[in-house]
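J.: Following this line is upload.csv, made up of CSV, C-alpha atoms:
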chain,number,residue,atom,x,y,z
C,1,MET,CA,104.6,87.1,76.1
C,2,ILE,CA,105.7,87.3,79.6
C,3,SER,CA,104.6,89.4,82.6
C,4,LEU,CA,106.6,91.6,84.9
C,5,LYS,CA,105.6,89.4,87.7
C,6,GLU,CA,107.2,86.3,86.1
C,7,ILE,CA,110.4,88.2,85.4
C,8,ILE,CA,110.6,89.6,88.9
C,9,GLU,CA,110.0,86.2,90.5
C,10,LYS,CA,112.4,84.3,88.3
C,11,LEU,CA,115.2,86.9,88.3
C,12,LYS,CA,114.6,87.9,91.9
C,13,PHE,CA,114.2,91.6,91.3
C,14,GLU,CA,112.8,93.9,94.0
C,15,PRO,CA,109.8,95.8,92.8
C,16,LEU,CA,109.6,99.3,94.5
C,17,SER,CA,106.8,101.2,92.8
C,18,PHE,CA,103.4,100.7,91.2
C,19,VAL,CA,103.5,97.1,92.4
C,20,HIS,CA,99.8,96.4,91.7
C,21,SER,CA,100.6,96.6,88.0
C,22,LEU,CA,103.0,93.6,87.8
C,23,GLU,CA,100.6,91.6,85.6
C,24,ARG,CA,101.6,94.0,82.8
C,25,GLN,CA,103.1,92.2,79.8
C,26,VAL,CA,106.6,92.8,78.5
C,27,THR,CA,107.2,92.6,74.7
C,28,GLY,CA,110.9,93.6,74.6
C,29,GLY,CA,113.8,95.1,76.3
C,30,TYR,CA,116.4,97.9,76.0
C,31,ALA,CA,119.6,98.7,78.0
C,32,SER,CA,121.3,102.0,78.2
C,33,ASP,CA,122.2,104.7,80.6
C,34,LEU,CA,121.8,107.5,78.1
C,35,LEU,CA,118.2,108.8,78.2
C,36,SER,CA,118.1,110.0,74.6
C,37,CYS,CA,119.2,106.6,73.4
C,38,VAL,CA,116.4,105.0,75.4
C,39,ILE,CA,114.0,107.5,73.8
C,40,LYS,CA,115.2,106.5,70.4
C,41,GLY,CA,115.5,102.8,71.0
C,42,ALA,CA,112.9,101.6,73.4
C,43,THR,CA,109.2,101.4,72.8
C,44,LYS,CA,105.9,100.9,74.6
C,45,ASP,CA,105.6,97.7,76.8
C,46,TRP,CA,109.4,97.1,76.9
C,47,VAL,CA,111.6,96.9,80.0
C,48,TRP,CA,114.5,99.3,80.3
C,49,VAL,CA,117.7,98.1,82.1
C,50,THR,CA,119.8,101.0,83.5
C,51,LEU,CA,122.2,102.1,86.2
C,52,GLN,CA,120.3,105.4,86.4
C,53,SER,CA,117.9,105.8,89.3
C,54,HIS,CA,117.0,109.5,89.3
C,55,LEU,CA,113.7,111.3,88.6
C,56,ASN,CA,114.1,111.6,84.8
C,57,VAL,CA,114.2,107.8,84.5
C,58,VAL,CA,110.5,108.0,85.5
C,59,ALA,CA,109.8,110.8,83.1
C,60,VAL,CA,111.3,108.8,80.2
C,61,ALA,CA,109.6,105.5,81.2
C,62,SER,CA,106.3,107.3,81.4
C,63,LEU,CA,106.9,109.1,78.2
C,64,LEU,CA,107.4,105.9,76.3
C,65,GLY,CA,104.8,103.8,78.1
C,66,LEU,CA,107.4,101.3,79.2
C,67,SER,CA,106.3,98.2,81.2
C,68,GLY,CA,109.0,98.8,83.8
C,69,VAL,CA,112.6,99.9,84.6
C,70,ILE,CA,115.2,97.5,86.1
C,71,ILE,CA,117.8,99.5,88.0
C,72,THR,CA,121.0,97.6,88.3
C,73,GLU,CA,124.1,97.3,90.5
C,74,GLY,CA,122.4,98.1,93.7
C,75,ASN,CA,121.4,101.6,92.8
C,76,ARG,CA,118.2,102.6,94.4
C,77,PRO,CA,115.8,105.5,93.6
C,78,ASP,CA,115.2,108.1,96.3
C,79,LEU,CA,111.7,108.6,97.9
C,80,GLU,CA,111.0,111.5,95.5
C,81,THR,CA,111.6,109.4,92.5
C,82,LEU,CA,109.5,106.6,93.9
C,83,GLY,CA,106.7,109.1,94.6
C,84,ARG,CA,106.9,110.3,91.0
C,85,ALA,CA,106.9,106.7,89.8
C,86,GLU,CA,103.7,106.0,91.7
C,87,ASN,CA,102.0,109.0,90.3
C,88,GLU,CA,103.1,108.3,86.8
C,89,GLY,CA,102.3,104.6,87.0
C,90,VAL,CA,105.9,103.4,86.4
C,91,VAL,CA,107.1,100.1,87.8
C,92,LEU,CA,110.7,100.5,89.2
C,93,MET,CA,112.6,97.4,90.1
C,94,VAL,CA,116.1,97.1,91.6
C,95,THR,CA,118.7,94.4,91.6
C,96,SER,CA,122.3,94.1,92.7
C,97,LYS,CA,123.2,92.3,89.4
C,98,THR,CA,125.0,94.1,86.6
C,99,THR,CA,123.3,95.4,83.5
C,100,PHE,CA,125.1,92.7,81.5
C,101,THR,CA,123.8,89.9,83.7
C,102,VAL,CA,120.3,91.2,83.7
C,103,VAL,CA,120.2,91.5,79.9
C,104,ALA,CA,121.6,88.0,79.5
C,105,GLU,CA,118.9,86.6,81.9
C,106,LEU,CA,116.1,88.5,80.2
C,107,SER,CA,117.3,87.2,76.8
C,108,SER,CA,117.3,83.7,78.2
C,109,MET,CA,113.6,84.2,79.1
C,110,GLY,CA,112.9,85.1,75.5
C,111,ILE,CA,112.9,88.9,75.9
C,112,GLU,CA,114.5,90.4,72.9
C,113,GLY,CA,115.5,93.9,71.8
C,114,GLU,CA,114.9,93.1,68.1
C,115,GLY,CA,112.9,95.7,66.2
C,116,SER,CA,114.3,98.6,68.0
C,117,GLU,CA,114.9,100.4,64.8
C,118,LYS,CA,111.8,102.6,64.4
S,1,MET,CA,70.6,99.8,103.1
S,2,LYS,CA,67.1,98.4,103.2
S,3,ARG,CA,64.9,100.5,105.5
S,4,ASN,CA,61.7,98.4,105.5
S,5,VAL,CA,63.1,95.5,107.5
S,6,ILE,CA,61.2,92.3,108.2
S,7,LYS,CA,61.5,91.5,111.8
S,8,VAL,CA,60.2,89.0,114.4
S,9,SER,CA,59.6,89.1,118.1
S,10,PRO,CA,61.6,87.0,120.6
S,11,ASP,CA,58.4,85.0,121.3
S,12,THR,CA,57.9,84.0,117.6
S,13,PRO,CA,58.0,80.2,117.3
S,14,MET,CA,60.7,78.7,115.1
S,15,THR,CA,57.9,77.2,112.9
S,16,GLU,CA,56.6,80.6,112.2
S,17,LEU,CA,60.1,81.9,111.6
S,18,LYS,CA,60.4,79.3,108.9
S,19,GLU,CA,57.4,80.7,107.1
S,20,VAL,CA,58.7,84.3,107.5
S,21,LEU,CA,62.0,83.3,105.9
S,22,ARG,CA,60.4,81.2,103.2
S,23,ILE,CA,57.7,83.7,102.1
S,24,ASN,CA,60.1,86.7,102.1
S,25,ARG,CA,63.0,84.6,100.6
S,26,ILE,CA,65.5,85.9,103.2
S,27,SER,CA,68.1,84.2,105.2
S,28,GLY,CA,67.8,86.0,108.5
S,29,VAL,CA,65.9,88.6,110.4
S,30,PRO,CA,66.5,90.9,113.4
S,31,VAL,CA,64.6,90.3,116.6
S,32,LEU,CA,62.9,93.2,118.2
S,33,GLU,CA,61.2,93.4,121.6
S,34,GLU,CA,59.1,96.5,122.2
S,35,GLY,CA,60.9,98.2,119.4
S,36,ARG,CA,64.3,97.5,120.8
S,37,LEU,CA,66.9,95.3,119.0
S,38,VAL,CA,67.6,92.3,121.1
S,39,GLY,CA,69.1,89.8,118.6
S,40,ILE,CA,69.3,88.3,115.1
S,41,ILE,CA,68.2,84.9,113.9
S,42,SER,CA,69.3,83.2,110.7
S,43,ILE,CA,68.3,80.3,108.5
S,44,GLU,CA,71.3,78.3,110.0
S,45,ASP,CA,69.7,78.7,113.5
S,46,LEU,CA,66.4,77.5,112.0
S,47,ILE,CA,68.1,74.4,110.4
S,48,LYS,CA,69.8,73.5,113.7
S,49,ALA,CA,66.4,73.7,115.5
S,50,LEU,CA,64.8,71.6,112.8
S,51,VAL,CA,67.5,68.9,113.1
S,52,GLU,CA,67.2,68.9,116.9
S,53,GLY,CA,63.4,68.7,116.7
S,54,ASP,CA,63.1,72.0,118.6
S,55,THR,CA,60.6,73.5,116.2
S,56,GLN,CA,58.3,74.9,118.9
S,57,ALA,CA,61.0,76.8,120.7
S,58,PRO,CA,60.7,80.6,120.6
S,59,VAL,CA,63.2,82.6,118.6
S,60,ARG,CA,64.5,84.0,121.9
S,61,LYS,CA,66.1,80.5,122.6
S,62,ARG,CA,67.9,80.2,119.3
S,63,MET,CA,68.8,83.8,118.4
S,64,THR,CA,72.2,85.4,118.5
S,65,THR,CA,71.9,88.0,121.3
S,66,LYS,CA,74.7,90.3,120.3
S,67,PRO,CA,74.2,91.0,116.6
S,68,ILE,CA,76.9,92.8,114.6
S,69,THR,CA,75.7,96.4,114.1
S,70,VAL,CA,76.9,99.5,112.4
S,71,ARG,CA,75.7,103.0,113.3
S,72,GLU,CA,73.9,104.9,110.6
S,73,SER,CA,76.3,107.8,111.1
S,74,GLU,CA,79.4,105.6,110.4
S,75,SER,CA,81.1,105.5,107.0
S,76,VAL,CA,80.7,102.8,104.3
S,77,VAL,CA,84.4,102.0,104.9
S,78,GLU,CA,83.6,101.2,108.5
S,79,ALA,CA,80.8,98.9,107.4
S,80,VAL,CA,83.1,97.1,105.0
S,81,LYS,CA,85.7,96.6,107.8
S,82,ARG,CA,83.0,95.1,110.0
S,83,PHE,CA,81.9,92.7,107.2
S,84,ALA,CA,85.5,91.6,106.9
S,85,GLN,CA,86.2,91.4,110.6
S,86,HIS,CA,83.1,89.4,111.5
S,87,LYS,CA,82.6,87.5,108.3
S,88,VAL,CA,78.8,88.1,108.4
S,89,GLY,CA,76.4,88.4,105.5
S,90,ARG,CA,74.5,91.4,106.8
S,91,LEU,CA,74.9,94.2,109.3
S,92,LEU,CA,72.1,95.7,111.3
S,93,VAL,CA,72.1,99.5,111.1
S,94,VAL,CA,71.1,101.3,114.3
S,95,ASN,CA,70.9,104.9,115.4
S,96,GLU,CA,72.7,106.4,118.4
S,97,GLN,CA,70.0,105.0,120.7
S,98,GLY,CA,70.5,101.5,119.4
S,99,GLU,CA,67.2,101.5,117.5
S,100,LEU,CA,67.1,99.5,114.3
S,101,LYS,CA,67.0,101.7,111.3
S,102,GLY,CA,67.7,99.2,108.5
S,103,ILE,CA,69.8,96.3,107.3
S,104,LEU,CA,72.9,96.4,105.1
S,105,THR,CA,74.2,93.5,103.0
S,106,GLY,CA,77.4,93.1,101.0
S,107,GLY,CA,75.3,93.4,97.9
S,108,ASP,CA,74.1,96.8,99.0
S,109,ILE,CA,77.7,98.0,99.3
S,110,THR,CA,78.7,96.5,95.9
S,111,ARG,CA,75.7,98.1,94.2
S,112,GLY,CA,76.6,101.5,95.8
S,113,LEU,CA,80.2,101.3,94.8
S,114,LEU,CA,79.3,100.3,91.2
S,115,GLU,CA,76.9,103.2,91.0
S,116,ALA,CA,79.7,105.6,92.3
S,117,ILE,CA,82.2,104.1,89.8
S,118,SER,CA,79.6,104.4,87.0
S,119,LEU,CA,78.9,108.1,87.9
S,120,ASP,CA,82.7,108.8,87.9
S,121,TYR,CA,83.2,106.9,84.6
S,122,HIS,CA,80.2,108.8,83.1
S,123,ALA,CA,81.6,112.1,84.2
S,124,GLU,CA,85.1,111.2,82.8
S,125,GLU,CA,83.5,110.1,79.5
S,126,ILE,CA,81.6,113.4,79.2
S,127,SER,CA,84.8,115.3,80.0
S,128,ARG,CA,86.8,113.4,77.4
S,129,TYR,CA,84.0,113.7,74.9
S,130,ARG,CA,83.9,117.5,75.4
S,131,ALA,CA,87.7,117.7,75.1
S,132,LYS,CA,87.8,115.6,72.0
S,133,HIS,CA,85.2,117.7,70.3
S,134,ILE,CA,86.5,121.1,71.4
S,135,PHE,CA,87.5,122.1,67.8
S,136,GLU,CA,84.0,121.1,66.6
S,137,ASP,CA,82.1,122.8,69.4
S,138,ILE,CA,83.9,126.2,69.1
S,139,VAL,CA,83.1,127.9,65.8
S,140,SER,CA,85.6,130.3,64.4
S,141,ASP,CA,87.5,130.8,61.1
S,142,GLN,CA,90.5,129.2,62.7
S,143,THR,CA,90.5,127.8,66.2
S,144,SER,CA,93.7,127.2,68.1
S,145,LEU,CA,94.4,125.9,71.6
S,146,ILE,CA,97.6,127.3,73.1
S,147,LEU,CA,99.3,125.7,76.0
S,148,ARG,CA,102.3,127.4,77.6
S,149,TYR,CA,104.7,125.7,80.0
S,150,LYS,CA,107.5,127.6,81.8
S,151,VAL,CA,110.7,125.6,82.1
S,152,MET,CA,113.4,126.5,84.7
S,153,SER,CA,117.1,126.4,83.9
S,154,LYS,CA,119.1,123.6,85.7
S,155,ASP,CA,115.9,122.3,87.3
S,156,ILE,CA,116.7,118.7,86.4
S,157,LYS,CA,114.3,117.3,88.9
S,158,SER,CA,111.4,118.9,87.0
S,159,GLY,CA,112.6,117.4,83.7
S,160,GLY,CA,109.6,115.9,81.8
S,161,LYS,CA,106.9,117.7,83.7
S,162,ALA,CA,106.0,120.0,80.8
S,163,SER,CA,106.1,117.3,78.2
S,164,SER,CA,104.1,115.0,80.5
S,165,LYS,CA,101.4,117.6,80.9
S,166,LEU,CA,101.3,118.2,77.1
S,167,LYS,CA,101.1,114.4,76.5
S,168,ARG,CA,98.1,114.2,78.9
S,169,ALA,CA,96.4,117.1,77.2
S,170,LEU,CA,96.8,115.5,73.8
S,171,ASP,CA,95.4,112.2,75.2
S,172,ARG,CA,92.3,114.1,76.5
S,173,LEU,CA,91.9,115.8,73.1
S,174,GLY,CA,91.8,112.4,71.5
S,175,ALA,CA,95.0,112.5,69.5
S,176,LEU,CA,96.3,109.2,68.0
S,177,PRO,CA,98.7,107.3,70.2
S,178,GLU,CA,101.5,107.5,67.7
S,179,VAL,CA,101.1,111.2,67.4
S,180,ILE,CA,101.1,111.6,71.1
S,181,ARG,CA,104.3,109.6,71.3
S,182,ARG,CA,106.0,111.8,68.7
S,183,VAL,CA,104.8,115.0,70.3
S,184,ALA,CA,105.8,113.8,73.8
S,185,ILE,CA,109.3,112.8,72.7
S,186,SER,CA,109.9,116.0,70.9
S,187,ALA,CA,108.6,118.1,73.8
S,188,TYR,CA,110.7,116.1,76.3
S,189,GLU,CA,113.9,116.5,74.4
S,190,ALA,CA,113.3,120.3,73.9
S,191,GLU,CA,112.3,120.7,77.5
S,192,MET,CA,115.6,119.0,78.7
S,193,ASN,CA,117.6,121.2,76.3
S,194,LEU,CA,116.0,124.3,78.0
S,195,ILE,CA,116.8,122.9,81.4
S,196,ILE,CA,120.4,121.9,80.6
S,197,HIS,CA,121.5,124.6,78.2
S,198,SER,CA,119.5,127.8,78.7
S,199,ASP,CA,120.7,130.6,81.0
S,200,GLU,CA,117.4,131.6,82.5
S,201,GLY,CA,115.1,128.8,81.4
S,202,GLY,CA,112.5,129.4,78.7
S,203,GLU,CA,109.0,128.6,77.5
S,204,LEU,CA,107.5,125.6,75.7
S,205,ILE,CA,104.4,126.7,73.8
S,206,ALA,CA,102.2,124.2,72.1
S,207,GLU,CA,99.6,125.6,69.6
S,208,MET,CA,97.1,123.0,68.7
S,209,GLN,CA,94.8,123.2,65.7
S,210,PRO,CA,92.5,120.5,64.3
S,211,GLU,CA,95.1,119.2,61.9
S,212,VAL,CA,98.4,120.1,63.4
S,213,ILE,CA,100.4,120.9,66.5
S,214,ARG,CA,103.1,123.4,66.5
S,215,ILE,CA,105.5,123.5,69.4
S,216,THR,CA,107.7,126.5,69.9
S,217,VAL,CA,110.5,126.4,72.4
S,218,ILE,CA,112.2,129.7,73.2
S,219,ASP,CA,114.9,130.9,75.5
S,220,ASN,CA,117.0,134.0,75.9
S,221,GLY,CA,120.4,132.6,75.7
S,222,PRO,CA,123.2,131.7,75.6
S,223,GLY,CA,122.4,130.7,71.9
S,224,ILE,CA,124.1,128.0,69.8
S,225,PRO,CA,127.3,129.0,68.0
S,226,ASP,CA,126.9,126.4,65.2
S,227,VAL,CA,123.4,125.1,64.6
S,228,GLU,CA,124.6,122.7,61.9
S,229,GLN,CA,127.1,121.1,64.4
S,230,ALA,CA,124.5,121.0,67.2
S,231,MET,CA,122.1,119.1,64.9
S,232,SER,CA,124.7,116.3,64.2
S,233,THR,CA,124.2,113.2,66.2
S,234,GLY,CA,126.6,112.8,69.1
S,235,PHE,CA,127.6,116.4,69.4
S,236,SER,CA,127.1,117.7,72.9
S,237,THR,CA,128.2,120.6,75.0
S,238,ALA,CA,126.6,119.3,78.2
S,239,PRO,CA,128.8,119.5,81.3
S,240,ASN,CA,130.0,116.3,82.9
S,241,TRP,CA,127.6,116.3,85.8
S,242,ILE,CA,124.7,116.3,83.3
S,243,ARG,CA,126.3,113.5,81.3
S,244,GLU,CA,126.6,111.4,84.5
S,245,LEU,CA,122.8,111.6,84.8
S,246,GLY,CA,122.5,110.1,81.3
S,247,PHE,CA,121.8,113.4,79.5
S,248,GLY,CA,124.0,115.1,76.9
S,249,ALA,CA,124.4,112.2,74.5
S,250,GLY,CA,124.0,114.6,71.6
S,251,MET,CA,120.9,112.9,70.4
S,252,GLY,CA,118.2,115.3,71.6
S,253,LEU,CA,117.8,117.3,68.4
S,254,ALA,CA,118.2,114.2,66.3
S,255,ASN,CA,115.3,112.6,68.2
S,256,ILE,CA,113.2,115.6,67.7
S,257,LYS,CA,114.0,115.7,64.0
S,258,LYS,CA,113.0,112.0,63.7
S,259,CYS,CA,109.6,112.7,65.4
S,260,ALA,CA,108.7,115.9,63.7
S,261,ASP,CA,107.1,116.5,60.3
S,262,ALA,CA,108.9,119.7,60.1
S,263,MET,CA,111.5,121.4,62.3
S,264,ASN,CA,113.1,124.8,62.3
S,265,LEU,CA,116.0,125.8,64.6
S,266,GLU,CA,117.2,129.4,64.8
S,267,SER,CA,119.8,130.6,67.2
S,268,GLN,CA,121.9,133.6,67.9
S,269,VAL,CA,124.7,133.7,70.4
S,270,GLY,CA,123.9,136.2,73.2
S,271,VAL,CA,120.3,136.5,72.1
S,272,GLY,CA,118.7,133.1,72.3
S,273,THR,CA,117.3,130.1,70.6
S,274,LYS,CA,114.0,129.4,69.0
S,275,LEU,CA,113.0,125.8,68.0
S,276,GLU,CA,109.8,125.2,66.1
S,277,ILE,CA,108.4,121.7,65.7
S,278,THR,CA,105.5,120.8,63.5
S,279,ILE,CA,103.6,117.5,63.9
S,280,PHE,CA,100.5,116.7,61.9
S,281,LEU,CA,97.7,115.2,64.1
S,282,ARG,CA,96.4,112.9,61.4
S,283,PRO,CA,98.4,110.6,59.1
S,284,ASP,CA,97.0,112.1,55.9
S,285,SER,CA,97.3,115.7,57.0
S,286,ASN,CA,100.5,116.3,55.2
S,287,GLY,CA,99.8,113.7,52.5
S,288,GLU,CA,102.7,111.5,53.5
S,289,SER,CA,104.1,109.6,56.4
S,290,ASN,CA,106.6,110.9,59.0
S,291,GLN,CA,109.3,111.9,56.6
S,292,PRO,CA,110.5,115.2,58.2
S,293,GLU,CA,111.6,118.0,56.1
S,294,VAL,CA,114.1,119.7,58.3
S,295,LYS,CA,114.7,123.4,57.8
S,296,LYS,CA,117.7,124.7,59.6
S,297,GLN,CA,118.6,128.4,59.8
S,298,GLU,CA,121.8,129.6,61.2
S,299,GLN,CA,122.2,133.1,62.3
S,300,THR,CA,125.4,134.8,63.4
Since I need it in another form, could you write the structure as structure tokens?
T.:
Amino acid sequence: MISLKEIIEKLKFEPLSFVHSLERQVTGGYASDLLSCVIKGATKDWVWVTLQSHLNVVAVASLLGLSGVIITEGNRPDLETLGRAENEGVVLMVTSKTTFTVVAELSSMGIEGEGSEK
Amino acid sequence: MKRNVIKVSPDTPMTELKEVLRINRISGVPVLEEGRLVGIISIEDLIKALVEGDTQAPVRKRMTTKPITVRESESVVEAVKRFAQHKVGRLLVVNEQGELKGILTGGDITRGLLEAISLDYHAEEISRYRAKHIFEDIVSDQTSLILRYKVMSKDIKSGGKASSKLKRALDRLGALPEVIRRVAISAYEAEMNLIIHSDEGGELIAEMQPEVIRITVIDNGPGIPDVEQAMSTGFSTAPNWIRELGFGAGMGLANIKKCADAMNLESQVGVGTKLEITIFLRPDSNGESNQPEVKKQEQT
């Protein structure tokens, strides 16, 4: 297993919320901008890669108990979203990379999306 | 803090100080002259005196004359700051007149914090225990706990608040993690449907019994023209601005169906929609695993 901290350091993501929880382990990953797809496909302790940066990203991540959310292509959550993320204990990270690149890099670190069929 | 402080006078010889420290197994003492705090002397000061052969010197000669103090009226946080700032092992506690009232060590603060954490933890444990046993503690022929959440139409920013509260409630009631996940997902999808599609919002009502949770989601319109079509994966009537936010994938009802042990959707155009979701709280409550039997009822 690999921690959020290792991922952030290696892939140079910028953590924005709940940053004292970066030792949390990551067991898999999922990428989608459709929230219901994430609800169906992602599971606890995974990272979610998405373009979306609004409040409901936090709601979905909290709902599923995700390890963190990687927001791609330079999108940044607003202060209200960051506040909600702090309250809900959700780690939000941002990067200027595309979702495709992030997924490829995560995969090269051994993070897989296998077993998403629940 | 420790109130009965061992102290010495400025005229105490270093040899006598050595005995005071040894007998009481302490590493330093405050120095008082006629009841007034004038300094502090530590075991390090004693060792230096011994090395230099200055054993007959009075404490006055070797003591630190400006000891680090904290007023007894100051907060623990201030005391912690002072420990960090001066890197000392003990703080002398004085009153407003500068009179010594006690001595505070890092260990005292750690013990205090541990006691506070322990009390909080104990209180939380009691609270959780009571919540978990609510159905056993309250005797009736059939006990239900009903939670109601109002959901506003088009209030996207509040999306997930009701389901999040319901999730926390189930956690406090001691539900199984997998059950909590299924309830939370069902409730979230239903909540978002109310926000996105209802004219005037609606209500999410969760009725909990020892074996089962029944979630009813009601609105007063506009109603679904074709329930069968609405149930099919990928079908969506969400406007573009909603889709751009990642909603309206046409998977909400399918996700609910997947999580529910039973689901019933009734809708009438111009009247409203009623969605009922049943989830058993224990794996053996329905005699089988999560294989939902979906009942759909279309009204015209």
J.: Grab the CA of Thr105 in chain S to CA of Arg62 in chain S distance for me, in Å with one decimal place.
T.: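 Atom-to-atom, CA of Thr105 in chain S to CA of Arg62 in chain S, that is 22.0 Å.
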J.: Residues of chain S no more than 10 Å from chain C, counting only C-alpha atoms: send them over as number ranges by chain.
T.: S: 156-161, 163-164, 167, 180-182, 184-186, 188-189, 192, 243-256, 258-259
J.: Could you tell me how far CA of Val47 in chain C sits from CA of Ala169 in chain S, in Å to one decimal place?
T.: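 Taking CA of Ala169 in chain S as the start and CA of Val47 in chain C as the end point, the length is 25.4 Å.
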J.: Of the candidates S:Leu166, S:Ala175, S:Asn240, S:Lys257, which shows the shortest atom-to-atom distance to Pro283 in chain S, using all atoms listed in the file?
T.: S:Ala175
J.: Just want the 10 Å neighbourhood of Val31 in chain S, counted on only C-alpha atoms, with same-chain residues fewer than 4 positions away dropped. Output as a list in words.
T.: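 Residues near the query, excluding close chain neighbours: Ile6, Lys7, Val8, Ser9, Pro10, Asp11, Thr12, Gly35, Arg36, Leu37, Val38, Gly39, Ile40, Ile41, Val59, Arg60, Met63, Thr64, Thr65, Pro67 and Leu100 of chain S.
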J.: Would you mind exporting C-alpha atoms of the selected residues as an mmCIF file, in the frame of the given file?
T.:
data_model
loop_
_atom_site.group_PDB
_atom_site.id
_atom_site.type_symbol
_atom_site.label_atom_id
_atom_site.label_comp_id
_atom_site.auth_asym_id
_atom_site.auth_seq_id
_atom_site.Cartn_x
_atom_site.Cartn_y
_atom_site.Cartn_z
ATOM 1 C CA ILE S 6 61.200 92.300 108.200
ATOM 2 C CA LYS S 7 61.500 91.500 111.800
ATOM 3 C CA VAL S 8 60.200 89.000 114.400
ATOM 4 C CA SER S 9 59.600 89.100 118.100
ATOM 5 C CA PRO S 10 61.600 87.000 120.600
ATOM 6 C CA ASP S 11 58.400 85.000 121.300
ATOM 7 C CA THR S 12 57.900 84.000 117.600
ATOM 8 C CA GLY S 35 60.900 98.200 119.400
ATOM 9 C CA ARG S 36 64.300 97.500 120.800
ATOM 10 C CA LEU S 37 66.900 95.300 119.000
ATOM 11 C CA VAL S 38 67.600 92.300 121.100
ATOM 12 C CA GLY S 39 69.100 89.800 118.600
ATOM 13 C CA ILE S 40 69.300 88.300 115.100
ATOM 14 C CA ILE S 41 68.200 84.900 113.900
ATOM 15 C CA VAL S 59 63.200 82.600 118.600
ATOM 16 C CA ARG S 60 64.500 84.000 121.900
ATOM 17 C CA MET S 63 68.800 83.800 118.400
ATOM 18 C CA THR S 64 72.200 85.400 118.500
ATOM 19 C CA THR S 65 71.900 88.000 121.300
ATOM 20 C CA PRO S 67 74.200 91.000 116.600
ATOM 21 C CA LEU S 100 67.100 99.500 114.300
#
J.: Using only C-alpha atoms, collect all residues at a distance of at most 6 Å from (112.0, 102.2, 82.2) as written in the file, then present them as an MDAnalysis selection string.
T.: chainID C and resid 47:48 61 66 68:69
J.: Taking only C-alpha atoms into account, name the residue in S:Val139, S:Ala57, S:Ile43, S:Val179 that is nearest to Val212 in chain S.
T.: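 Once distances to Val212 in chain S are computed over only C-alpha atoms, the minimum belongs to S:Val179.
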J.: Could you tell me how far CA of Glu34 in chain S sits from CA of Pro58 in chain S, in Å to one decimal place?
T.: 16.1 Å
J.: Write out as JSON, numbers by chain the residues lying within 9 Å of Glu86 in chain C, counting only C-alpha atoms and excluding same-chain residues fewer than 6 positions away.
T.: {"C": [17, 18, 19]}
J.: Excluding Thr99 in chain C and residues on its chain fewer than 3 positions from it, collect all residues at most 12 Å away from it, counting all atoms listed in the file, and give them as an mmCIF file with C-alpha atoms, keeping the file's coordinate frame.
T.:
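Final file, out-v1.cif:
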data_model
loop_
_atom_site.group_PDB
_atom_site.id
_atom_site.type_symbol
_atom_site.label_atom_id
_atom_site.label_comp_id
_atom_site.auth_asym_id
_atom_site.auth_seq_id
_atom_site.Cartn_x
_atom_site.Cartn_y
_atom_site.Cartn_z
ATOM 1 C CA GLY C 29 113.800 95.100 76.300
ATOM 2 C CA TYR C 30 116.400 97.900 76.000
ATOM 3 C CA ALA C 31 119.600 98.700 78.000
ATOM 4 C CA SER C 32 121.300 102.000 78.200
ATOM 5 C CA ASP C 33 122.200 104.700 80.600
ATOM 6 C CA TRP C 48 114.500 99.300 80.300
ATOM 7 C CA VAL C 49 117.700 98.100 82.100
ATOM 8 C CA THR C 50 119.800 101.000 83.500
ATOM 9 C CA LEU C 51 122.200 102.100 86.200
ATOM 10 C CA GLN C 52 120.300 105.400 86.400
ATOM 11 C CA VAL C 69 112.600 99.900 84.600
ATOM 12 C CA ILE C 70 115.200 97.500 86.100
ATOM 13 C CA ILE C 71 117.800 99.500 88.000
ATOM 14 C CA THR C 72 121.000 97.600 88.300
ATOM 15 C CA GLU C 73 124.100 97.300 90.500
ATOM 16 C CA GLY C 74 122.400 98.100 93.700
ATOM 17 C CA ASN C 75 121.400 101.600 92.800
ATOM 18 C CA VAL C 94 116.100 97.100 91.600
ATOM 19 C CA THR C 95 118.700 94.400 91.600
ATOM 20 C CA SER C 96 122.300 94.100 92.700
ATOM 21 C CA VAL C 102 120.300 91.200 83.700
ATOM 22 C CA VAL C 103 120.200 91.500 79.900
ATOM 23 C CA ALA C 104 121.600 88.000 79.500
ATOM 24 C CA GLU C 105 118.900 86.600 81.900
ATOM 25 C CA LEU C 106 116.100 88.500 80.200
#
J.: Give me, as a list of chain:residue names, all polymer residues having an atom no more than 7 Å from range 85-98 of chain S, counting all atoms listed in the file and skipping those fewer than 2 positions away in the same chain.
T.: S:Ile68, S:Thr69, S:Val70, S:Arg71, S:Glu72, S:Lys81, S:Arg82, S:Phe83, S:Leu100, S:Lys101, S:Gly102, S:Ile103, S:Leu104, S:Thr105, S:Gly106
J.: Measuring atom to atom with all atoms listed in the file, identify which of S:Gly223, S:Ala116, S:Leu204, S:Ser236 is nearest to Gln268 in chain S.
T.: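 Nearest candidate to Gln268 in chain S out of S:Gly223, S:Ala116, S:Leu204, S:Ser236: S:Gly223.
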J.: Dump as number ranges by chain all residues having an atom at most 9 Å from (66.2, 86.8, 106.5), computed in the file's coordinates with only C-alpha atoms.
T.: S: 6-7, 20-22, 24-30, 41-43
J.: Write out as a PyMOL selection string which residues come within 9 Å of Leu173 in chain S when counting all atoms listed in the file, dropping same-chain ones fewer than 4 positions away.
T.: chain S and resi 128-134+168-169
J.: Looking at all atoms listed in the file, which of C:Ser3, C:Glu114, C:Trp46, C:Arg84 is the one that sits closest to Ser21 in chain C?
T.: C:Ser3
